[in-house]
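Below is the file run-v8.csv, which contains CSV, C-alpha atoms.
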chain,number,residue,atom,x,y,z
A,1,MET,CA,81.8,72.9,162.6
A,2,LYS,CA,80.6,76.4,162.8
A,3,ALA,CA,82.7,79.2,164.3
A,4,PRO,CA,81.4,80.3,167.8
A,5,GLN,CA,79.8,83.6,168.2
A,6,PRO,CA,82.2,86.4,169.2
A,7,ALA,CA,82.0,87.2,172.9
A,8,PRO,CA,79.1,89.6,173.3
A,9,SER,CA,80.0,93.0,174.6
A,10,ASP,CA,77.1,94.8,176.2
A,11,ALA,CA,78.2,98.4,175.9
A,12,PRO,CA,76.4,100.1,173.1
A,13,VAL,CA,78.7,101.8,170.6
A,14,GLU,CA,78.2,105.6,170.2
A,15,LEU,CA,77.4,106.8,166.7
A,16,ASP,CA,78.2,110.2,165.6
A,17,ASP,CA,76.1,112.2,163.2
A,18,LEU,CA,77.7,111.0,160.1
A,19,ASP,CA,77.5,107.3,161.3
A,20,ARG,CA,73.9,107.8,161.9
A,21,ARG,CA,73.2,109.3,158.5
A,22,LEU,CA,75.2,106.4,157.0
A,23,VAL,CA,72.9,103.9,158.8
A,24,LEU,CA,69.9,105.8,157.5
A,25,ALA,CA,71.2,105.9,153.9
A,26,THR,CA,72.1,102.2,153.8
A,27,GLN,CA,69.4,100.4,155.9
A,28,GLY,CA,67.2,100.1,152.8
A,29,GLY,CA,70.2,98.6,150.8
A,30,LEU,CA,73.4,99.6,149.1
A,31,PRO,CA,73.2,101.5,145.9
A,32,LEU,CA,73.3,99.2,142.8
A,33,LEU,CA,75.8,101.5,141.1
A,34,PRO,CA,79.4,100.7,140.0
A,35,ARG,CA,80.7,103.0,142.8
A,36,PRO,CA,78.2,102.5,145.6
A,37,TYR,CA,80.4,104.1,148.3
A,38,ALA,CA,81.1,107.1,146.2
A,39,ALA,CA,77.4,107.5,145.6
A,40,LEU,CA,76.8,107.3,149.4
A,41,ALA,CA,79.6,109.8,150.0
A,42,HIS,CA,78.1,112.2,147.6
A,43,GLU,CA,74.7,112.0,149.4
A,44,LEU,CA,76.3,112.4,152.8
A,45,GLY,CA,78.8,115.1,151.9
A,46,CYS,CA,82.0,113.2,152.6
A,47,ASN,CA,84.3,111.0,150.4
A,48,ALA,CA,84.2,107.3,149.5
A,49,ASP,CA,87.2,106.5,151.7
A,50,GLU,CA,85.4,107.9,154.7
A,51,VAL,CA,82.3,105.8,153.9
A,52,MET,CA,84.4,102.6,153.6
A,53,ALA,CA,86.3,103.3,156.8
A,54,ARG,CA,83.2,103.9,158.7
A,55,LEU,CA,81.5,100.7,157.4
A,56,ALA,CA,84.7,98.8,158.3
A,57,ARG,CA,84.6,100.2,161.8
A,58,MET,CA,80.9,99.4,162.2
A,59,LEU,CA,81.7,95.8,161.2
A,60,GLU,CA,84.5,95.6,163.8
A,61,THR,CA,82.3,96.9,166.6
A,62,GLY,CA,79.3,94.7,165.6
A,63,ILE,CA,77.0,97.6,164.7
A,64,ILE,CA,77.0,95.8,161.3
A,65,ARG,CA,76.7,92.1,161.5
A,66,ARG,CA,77.6,91.6,157.8
A,67,ILE,CA,77.3,93.4,154.5
A,68,GLY,CA,75.5,91.1,152.1
A,69,ALA,CA,72.4,89.6,150.6
A,70,VAL,CA,69.4,88.4,152.5
A,71,PRO,CA,67.7,85.6,150.6
A,72,ASN,CA,64.0,84.7,150.7
A,73,HIS,CA,64.2,81.1,152.0
A,74,TYR,CA,61.2,80.1,150.0
A,75,ALA,CA,62.7,81.3,146.8
A,76,LEU,CA,65.8,79.2,147.4
A,77,GLY,CA,63.8,76.1,147.8
A,78,TYR,CA,63.8,76.1,151.6
A,79,THR,CA,60.1,75.8,151.9
A,80,ALA,CA,60.0,74.3,155.3
A,81,ASN,CA,61.1,76.8,157.9
A,82,GLY,CA,60.5,75.7,161.5
A,83,MET,CA,60.9,77.5,164.7
A,84,SER,CA,61.7,74.7,167.1
A,85,VAL,CA,61.1,75.5,170.7
A,86,TRP,CA,62.3,73.5,173.8
A,87,ASP,CA,61.6,73.4,177.5
A,88,VAL,CA,65.1,72.9,178.8
A,89,ALA,CA,66.2,72.7,182.5
A,90,ASP,CA,67.4,76.1,183.5
A,91,GLU,CA,70.7,74.9,184.9
A,92,LEU,CA,71.6,73.2,181.6
A,93,VAL,CA,70.1,75.5,179.0
A,94,ASP,CA,73.3,77.7,178.5
A,95,ARG,CA,75.6,74.7,177.9
A,96,LEU,CA,73.0,72.9,175.7
A,97,GLY,CA,72.0,76.0,173.8
A,98,ALA,CA,75.6,76.5,172.7
A,99,ASP,CA,75.6,72.9,171.5
A,100,VAL,CA,72.3,73.3,169.6
A,101,GLY,CA,73.6,76.5,168.1
A,102,GLY,CA,76.6,74.5,166.8
A,103,LEU,CA,74.5,72.2,164.7
A,104,PRO,CA,75.0,73.0,161.0
A,105,PHE,CA,71.3,73.3,160.2
A,106,VAL,CA,70.5,75.7,163.0
A,107,SER,CA,70.5,79.3,161.8
A,108,HIS,CA,69.5,81.2,165.0
A,109,CYS,CA,69.5,79.9,168.5
A,110,TYR,CA,68.4,81.9,171.5
A,111,ARG,CA,67.3,81.6,175.1
A,112,ARG,CA,64.1,83.5,175.8
A,113,PRO,CA,61.7,83.7,178.8
A,114,ARG,CA,58.9,81.2,179.3
A,115,ARG,CA,55.3,82.6,179.4
A,116,LEU,CA,53.6,80.2,181.7
A,117,PRO,CA,51.0,78.7,181.4
A,118,VAL,CA,50.7,79.3,177.7
A,119,TRP,CA,54.3,79.0,176.7
A,120,PRO,CA,56.7,76.6,178.6
A,121,TYR,CA,59.6,76.9,176.1
A,122,ASN,CA,62.9,78.7,176.9
A,123,LEU,CA,65.2,77.6,174.0
A,124,PHE,CA,64.4,78.7,170.4
A,125,ALA,CA,66.3,77.2,167.4
A,126,MET,CA,65.4,78.0,163.8
A,127,VAL,CA,65.8,75.1,161.3
A,128,HIS,CA,65.4,75.2,157.6
A,129,GLY,CA,64.8,72.4,155.1
A,130,ARG,CA,63.6,71.6,151.7
A,131,SER,CA,60.8,69.6,153.1
A,132,ARG,CA,59.0,69.2,156.5
A,133,GLU,CA,60.4,65.7,156.7
A,134,GLN,CA,63.9,67.1,156.6
A,135,VAL,CA,63.0,69.6,159.3
A,136,TYR,CA,61.5,66.9,161.5
A,137,SER,CA,64.7,64.8,161.2
A,138,GLN,CA,66.7,67.8,162.2
A,139,VAL,CA,64.4,68.4,165.1
A,140,ASP,CA,64.9,64.7,166.1
A,141,GLU,CA,68.7,65.4,166.1
A,142,ILE,CA,68.2,68.3,168.5
A,143,ALA,CA,66.0,66.2,170.7
A,144,ARG,CA,68.7,63.5,170.9
A,145,LEU,CA,71.3,66.2,171.8
A,146,LEU,CA,69.1,67.6,174.6
A,147,GLY,CA,68.1,64.2,176.0
A,148,ASP,CA,66.6,64.2,179.5
A,149,ALA,CA,67.3,67.9,180.0
A,150,CYS,CA,64.3,68.6,177.7
A,151,ARG,CA,60.8,68.3,179.1
A,152,GLY,CA,58.9,69.1,175.9
A,153,HIS,CA,59.2,70.7,172.5
A,154,ASP,CA,57.2,71.9,169.5
A,155,VAL,CA,57.9,73.0,166.0
A,156,LEU,CA,56.1,76.1,164.6
A,157,PHE,CA,56.3,76.1,160.8
A,158,SER,CA,56.0,79.4,159.1
A,159,THR,CA,53.3,79.3,156.5
A,160,ARG,CA,53.4,82.9,155.2
A,161,ILE,CA,55.9,85.8,155.2
A,162,LEU,CA,53.7,88.7,156.3
A,163,LYS,CA,56.5,91.2,156.3
A,164,LYS,CA,60.2,91.1,155.8
A,165,THR,CA,61.7,94.6,155.5
A,166,GLY,CA,64.4,94.3,158.1
A,167,LEU,CA,64.9,96.9,160.7
A,168,ARG,CA,64.4,100.6,159.9
A,169,ILE,CA,65.4,103.3,162.3
A,170,GLY,CA,63.8,106.7,162.1
A,171,GLY,CA,65.2,109.8,160.4
B,1,MET,CA,67.6,81.5,138.4
B,2,ASP,CA,70.6,79.9,136.9
B,3,ASP,CA,73.9,78.6,138.3
B,4,ILE,CA,75.5,82.1,138.1
B,5,ASP,CA,72.7,83.5,140.1
B,6,ARG,CA,73.2,80.8,142.7
B,7,ALA,CA,76.9,81.4,142.9
B,8,LEU,CA,76.2,85.2,143.2
B,9,ILE,CA,73.9,84.7,146.1
B,10,ASN,CA,76.3,82.4,147.9
B,11,THR,CA,79.2,84.9,147.3
B,12,LEU,CA,77.1,87.8,148.4
B,13,HIS,CA,76.2,86.2,151.7
B,14,GLY,CA,78.8,88.4,153.5
B,15,GLY,CA,82.1,90.0,153.2
B,16,PHE,CA,81.0,92.4,150.4
B,17,PRO,CA,84.3,94.2,149.5
B,18,LEU,CA,85.0,97.6,150.9
B,19,VAL,CA,86.7,98.8,147.7
B,20,ALA,CA,85.9,101.6,145.2
B,21,GLU,CA,84.3,99.2,142.7
B,22,PRO,CA,83.0,96.3,144.8
B,23,TYR,CA,80.6,94.9,142.1
B,24,ARG,CA,83.5,94.6,139.7
B,25,ALA,CA,85.5,92.7,142.4
B,26,VAL,CA,82.6,90.3,143.0
B,27,GLY,CA,82.3,89.8,139.2
B,28,GLN,CA,86.0,88.9,139.0
B,29,GLN,CA,85.5,86.3,141.6
B,30,LEU,CA,82.7,84.7,139.6
B,31,GLY,CA,84.2,85.3,136.1
B,32,ILE,CA,81.4,87.7,135.0
B,33,GLY,CA,81.4,91.4,134.3
B,34,GLU,CA,80.4,94.2,136.7
B,35,ALA,CA,77.3,95.1,134.6
B,36,ASP,CA,76.2,91.5,134.7
B,37,VAL,CA,76.5,91.5,138.5
B,38,LEU,CA,74.4,94.6,138.8
B,39,VAL,CA,71.7,93.4,136.4
B,40,ARG,CA,71.4,90.1,138.2
B,41,LEU,CA,71.3,91.6,141.6
B,42,ARG,CA,68.6,94.1,140.5
B,43,ARG,CA,66.6,91.2,139.1
B,44,LEU,CA,67.0,89.0,142.2
B,45,LEU,CA,65.8,91.9,144.4
B,46,ASP,CA,62.9,92.7,142.0
B,47,ASP,CA,61.8,89.0,141.9
B,48,ARG,CA,62.1,88.9,145.7
B,49,VAL,CA,64.6,86.0,145.6
B,50,LEU,CA,66.6,88.4,147.8
B,51,THR,CA,64.7,90.5,150.3
B,52,ARG,CA,67.6,93.0,150.6
B,53,PHE,CA,71.2,93.7,149.9
B,54,GLY,CA,73.4,95.8,152.1
B,55,PRO,CA,74.6,96.2,155.6
B,56,LEU,CA,72.7,94.2,158.3
B,57,PHE,CA,72.6,96.3,161.4
B,58,GLN,CA,72.5,95.1,165.0
B,59,VAL,CA,70.3,97.5,166.7
B,60,GLU,CA,71.3,96.3,170.2
B,61,ARG,CA,74.9,97.5,169.5
B,62,MET,CA,73.5,101.0,168.9
B,63,GLY,CA,71.6,101.0,172.2
B,64,GLY,CA,68.4,99.9,170.7
B,65,ALA,CA,66.3,96.8,171.3
B,66,PHE,CA,65.0,93.9,169.3
B,67,VAL,CA,62.2,91.7,170.6
B,68,LEU,CA,60.4,88.7,169.3
B,69,ALA,CA,56.6,88.9,170.0
B,70,ALA,CA,53.6,86.9,169.2
B,71,LEU,CA,49.8,87.2,169.0
B,72,ALA,CA,47.0,84.6,169.0
B,73,VAL,CA,44.8,86.1,166.3
B,74,PRO,CA,41.3,84.8,165.6
B,75,GLU,CA,41.3,83.3,162.1
B,76,GLU,CA,38.6,85.6,160.8
B,77,ARG,CA,40.6,88.7,161.8
B,78,PHE,CA,44.0,87.4,160.6
B,79,ASP,CA,44.4,89.6,157.5
B,80,GLU,CA,43.1,92.7,159.3
B,81,VAL,CA,45.5,92.2,162.2
B,82,ALA,CA,48.4,91.5,159.9
B,83,ARG,CA,47.8,94.9,158.2
B,84,GLN,CA,47.6,96.7,161.6
B,85,VAL,CA,50.8,95.1,162.8
B,86,ASN,CA,52.7,95.5,159.6
B,87,ALA,CA,51.8,99.2,159.5
B,88,LEU,CA,54.2,99.8,162.4
B,89,PRO,CA,57.7,100.7,161.1
B,90,GLU,CA,59.1,99.0,164.2
B,91,VAL,CA,57.9,95.7,162.8
B,92,ALA,CA,60.9,94.3,161.0
B,93,HIS,CA,59.6,90.9,160.1
B,94,ASN,CA,56.3,89.1,160.6
B,95,TYR,CA,55.5,85.5,159.9
B,96,ARG,CA,52.3,83.4,160.1
B,97,ARG,CA,53.0,80.2,162.0
B,98,GLU,CA,51.0,77.1,162.8
B,99,HIS,CA,50.2,77.4,166.5
B,100,ALA,CA,47.6,79.0,168.7
B,101,LEU,CA,50.1,81.9,168.8
B,102,ASN,CA,49.8,82.2,165.0
B,103,MET,CA,51.5,85.6,164.3
B,104,TRP,CA,55.2,86.0,165.2
B,105,PHE,CA,56.9,89.3,164.6
B,106,VAL,CA,60.1,91.1,165.5
B,107,LEU,CA,60.1,94.6,166.9
B,108,GLY,CA,63.2,96.7,166.5
B,109,THR,CA,63.5,100.1,168.0
B,110,GLU,CA,66.2,102.6,168.7
B,111,THR,CA,65.6,102.7,172.4
B,112,PRO,CA,64.3,100.0,174.8
B,113,ASP,CA,61.3,102.3,175.6
B,114,GLY,CA,60.3,102.1,172.0
B,115,ILE,CA,59.4,98.4,172.4
B,116,ALA,CA,56.9,99.1,175.1
B,117,ALA,CA,55.3,101.9,173.1
B,118,ALA,CA,55.0,99.6,170.0
B,119,VAL,CA,53.5,96.8,172.1
B,120,ALA,CA,51.0,99.2,173.7
B,121,ARG,CA,50.0,100.5,170.3
B,122,ILE,CA,49.5,97.0,168.9
B,123,GLU,CA,47.4,95.9,171.9
B,124,ARG,CA,45.3,99.1,171.7
B,125,GLU,CA,44.7,98.8,167.9
B,126,THR,CA,44.0,95.0,167.8
B,127,GLY,CA,42.6,94.5,171.3
B,128,LEU,CA,44.8,91.4,171.5
B,129,ALA,CA,47.5,90.6,174.1
B,130,VAL,CA,51.0,90.7,172.8
B,131,GLN,CA,53.4,88.0,174.2
B,132,CYS,CA,56.9,89.2,174.3
B,133,PHE,CA,60.0,87.0,174.1
B,134,PRO,CA,63.0,89.2,174.5
B,135,LYS,CA,66.3,87.5,173.8
B,136,GLU,CA,68.1,86.6,177.1
B,137,ARG,CA,71.1,84.9,175.5
B,138,GLU,CA,72.3,84.4,171.9
B,139,TYR,CA,73.9,81.1,171.2
B,140,PHE,CA,74.2,81.4,167.5
B,141,VAL,CA,73.1,83.6,164.6
B,142,GLU,CA,74.3,82.9,161.1
B,143,LEU,CA,71.7,82.3,158.5
B,144,ARG,CA,73.5,80.8,155.6
B,145,LEU,CA,71.5,78.7,153.3
B,146,PRO,CA,73.3,77.4,150.2
B,147,ALA,CA,71.4,78.7,147.1
Rewrite the coordinates I just gave you, this time as structure tokens.
Amino acid sequence: MKAPQPAPSDAPVELDDLDRRLVLATQGGLPLLPRPYAALAHELGCNADEVMARLARMLETGIIRRIGAVPNHYALGYTANGMSVWDVADELVDRLGADVGGLPFVSHCYRRPRRLPVWPYNLFAMVHGRSREQVYSQVDEIARLLGDACRGHDVLFSTRILKKTGLRIGG
Amino acid sequence: MDDIDRALINTLHGGFPLVAEPYRAVGQQLGIGEADVLVRLRRLLDDRVLTRFGPLFQVERMGGAFVLAALAVPEERFDEVARQVNALPEVAHNYRREHALNMWFVLGTETPDGIAAAVARIERETGLAVQCFPKEREYFVELRLPA
């Protein structure tokens, strides 16, 4: 069972000038040097303890989701990456969305607006597998969970990564 | 990619140590040296097995916005439109998907107004209507695929 998401807090966190420069200095990645925080501190004109303390604070406040590696799914053998999308009754979507998000093979799960008539789906769940068959069986599991609350669904497989740089904010 | 690479990727999913010599600490967990960690990480990034390594920021927590958007691109213009869309720094990821809406990308900007500006620019340059799917509720986000 996966841990639930921490309760969202809506209030944005204020960044001071040094925080902001730290974001700019690390959004492309951490230095691949034995002392990466000291290298950042040198660049930013502070010390390594200050860099680590600020990163720790940004983790606590949710400015940073995690510090780690972002794999290319395809390179890890997850060649079937499907965005499953569901038309779920509005009064049930929040409860069921949390259940779908709790499935071990769902990596991201969101409620988003419908765009009628072209797009009737309001629940998005990303599923990843080593084959399309595996993804389809995962999608079947979601369909069973949603039951009659779901009026229709689709799976949009990704066939090419056109860009994956992550977010960059300006200087 | 060998077993140590796989173990390294799994270890580096999150919780990278905030200590003076974090790569040495990661190496100790895996029973390899600091230099080996750095060489492997460099290679995994160069080979695009990893797309990045570092802090993953949540732009919404900084007052910014993140929006999923899609285009229905005529097949013969697909590569051209992909270039136009990818040229915007606000486009964080972009995927081709099998659907009439065949291009799905994420816009991230420092202010909510930045999204509207980026959408307007894409519509102007491509002549195509952008469908926006802003997140209304997040139920789960934790991409962790065992390597």
Using all atoms listed in the file, tabulate the residues of chain A lying at most 7 Å from any atom of chain B, each with its closest atom pair and that distance in Å to one decimal, by chain and increasing residue number, as CSV.
residue,atom,partner,partner_atom,distance
A:Gln5,CA,B:Phe140,CA,6.1
A:Pro12,CA,B:Arg61,CA,4.7
A:Val13,CA,B:Met62,CA,5.5
A:Glu14,CA,B:Met62,CA,6.7
A:Thr26,CA,B:Pro55,CA,6.7
A:Gln27,CA,B:Pro55,CA,6.7
A:Gly29,CA,B:Gly54,CA,4.4
A:Leu30,CA,B:Gly54,CA,4.8
A:Leu32,CA,B:Leu38,CA,6.2
A:Pro34,CA,B:Glu21,CA,5.8
A:Arg35,CA,B:Glu21,CA,5.2
A:Tyr37,CA,B:Ala20,CA,6.8
A:Met52,CA,B:Leu18,CA,5.7
A:Gly62,CA,B:Arg61,CA,6.5
A:Ile63,CA,B:Gln58,CA,5.2
A:Ile64,CA,B:Phe57,CA,4.4
A:Arg65,CA,B:Leu56,CA,5.5
A:Arg66,CA,B:Gly14,CA,5.5
A:Ile67,CA,B:Pro55,CA,4.0
A:Gly68,CA,B:Gly14,CA,4.5
A:Ala69,CA,B:Phe53,CA,4.3
A:Val70,CA,B:Arg52,CA,5.3
A:Pro71,CA,B:Leu50,CA,4.1
A:Asn72,CA,B:Val49,CA,5.3
A:Ala75,CA,B:Val49,CA,5.2
A:Leu76,CA,B:Ala147,CA,5.6
A:Gly97,CA,B:Tyr139,CA,6.0
A:Ala98,CA,B:Tyr139,CA,5.1
A:Gly101,CA,B:Phe140,CA,5.0
A:Ser107,CA,B:Leu143,CA,4.6
A:His108,CA,B:Val141,CA,4.3
A:Cys109,CA,B:Phe140,CA,5.0
A:Tyr110,CA,B:Glu138,CA,4.6
A:Arg111,CA,B:Arg137,CA,5.0
A:Arg112,CA,B:Lys135,CA,5.0
A:Pro113,CA,B:Phe133,CA,6.0
A:Leu156,CA,B:Glu98,CA,5.5
A:Phe157,CA,B:Arg97,CA,5.4
A:Ser158,CA,B:Arg97,CA,4.2
A:Thr159,CA,B:Arg96,CA,5.5
A:Arg160,CA,B:Arg96,CA,5.0
A:Ile161,CA,B:Tyr95,CA,4.7
A:Leu162,CA,B:Asn94,CA,5.0
A:Lys163,CA,B:Asn94,CA,4.8
A:Lys164,CA,B:His93,CA,4.3
A:Thr165,CA,B:Ala92,CA,5.6
A:Gly166,CA,B:Ala92,CA,4.5
A:Leu167,CA,B:Ala92,CA,4.8
A:Arg168,CA,B:Pro89,CA,6.8
A:Ile169,CA,B:Glu110,CA,6.5
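Counting all atoms listed in the file, A:Leu116 has the following residues at most 12 Å away, ignoring those fewer than 4 positions along the same chain: Asp87, Pro120, Tyr121 and Asn122 of chain A; Gln131 of chain B.
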Could you give me, as a PDB file with C-alpha atoms, in the coordinates of the input, the residues within 8 Å of stretch 28-31 of chain B, counting all atoms listed in the file and dropping anything in the same chain fewer than 2 positions from it?
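To be explicit, this is the file written out as out29.pdb:
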ATOM      1  CA  ILE B   4      75.500  82.100 138.100  1.00  0.00           C
ATOM      2  CA  ALA B   7      76.900  81.400 142.900  1.00  0.00           C
ATOM      3  CA  LEU B   8      76.200  85.200 143.200  1.00  0.00           C
ATOM      4  CA  ARG B  24      83.500  94.600 139.700  1.00  0.00           C
ATOM      5  CA  ALA B  25      85.500  92.700 142.400  1.00  0.00           C
ATOM      6  CA  VAL B  26      82.600  90.300 143.000  1.00  0.00           C
ATOM      7  CA  GLY B  33      81.400  91.400 134.300  1.00  0.00           C
TER       8      GLY B  33
END
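Pairwise distance (atom CA of A:Gly82, atom CA of B:Glu123) equals 26.2 Å.
Proximity to A:Gln138 at 8 Å, evaluated using all atoms listed in the file and with sequence-adjacent residues fewer than 4 positions away removed, yields Phe105, Val127, Gln134 and Ile142 of chain A.
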Write out as a compact mmCIF listing (two decimals) with C-alpha atoms, in the coordinates of the input each polymer residue whose atoms come within 9 Å of A:Arg151, counting only C-alpha atoms; drop sequence neighbours fewer than 6 positions from it.
# COMPACT_ATOMS: atom_id res chain seq x y z
CA TRP A 86 62.30 73.50 173.80
CA ASP A 87 61.60 73.40 177.50
CA VAL A 88 65.10 72.90 178.80
CA ALA A 89 66.20 72.70 182.50
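Using only C-alpha atoms, the protein and nucleic acid residues lying no more than 12 Å from A:Glu43, apart from those fewer than 3 places from it along its own chain, are A:Leu18, A:Arg21, A:Leu22, A:Leu24, A:Ala25, A:Thr26, A:Pro31, A:Pro36, A:Tyr37, A:Ala38, A:Ala39, A:Leu40, A:Cys46, A:Asn47, A:Ala48, A:Val51.
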Based on the selection just made, write C-alpha atoms of those residues as a CSV table (one decimal), in the frame of the given file.
chain,number,residue,atom,x,y,z
A,18,LEU,CA,77.7,111.0,160.1
A,21,ARG,CA,73.2,109.3,158.5
A,22,LEU,CA,75.2,106.4,157.0
A,24,LEU,CA,69.9,105.8,157.5
A,25,ALA,CA,71.2,105.9,153.9
A,26,THR,CA,72.1,102.2,153.8
A,31,PRO,CA,73.2,101.5,145.9
A,36,PRO,CA,78.2,102.5,145.6
A,37,TYR,CA,80.4,104.1,148.3
A,38,ALA,CA,81.1,107.1,146.2
A,39,ALA,CA,77.4,107.5,145.6
A,40,LEU,CA,76.8,107.3,149.4
A,46,CYS,CA,82.0,113.2,152.6
A,47,ASN,CA,84.3,111.0,150.4
A,48,ALA,CA,84.2,107.3,149.5
A,51,VAL,CA,82.3,105.8,153.9
ask   = atom CA of A:Val106 to atom CA of A:Gly152: how many Å, to one decimal?
value = 18.6 Å
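If only C-alpha atoms are the atoms counted, then among B:Leu71, B:Ile122, B:Arg40, B:Phe78 the closest residue to B:Asp2 is B:Arg40.
Going from atom CA of B:Ala120 to atom CA of A:Trp119 covers 20.7 Å.
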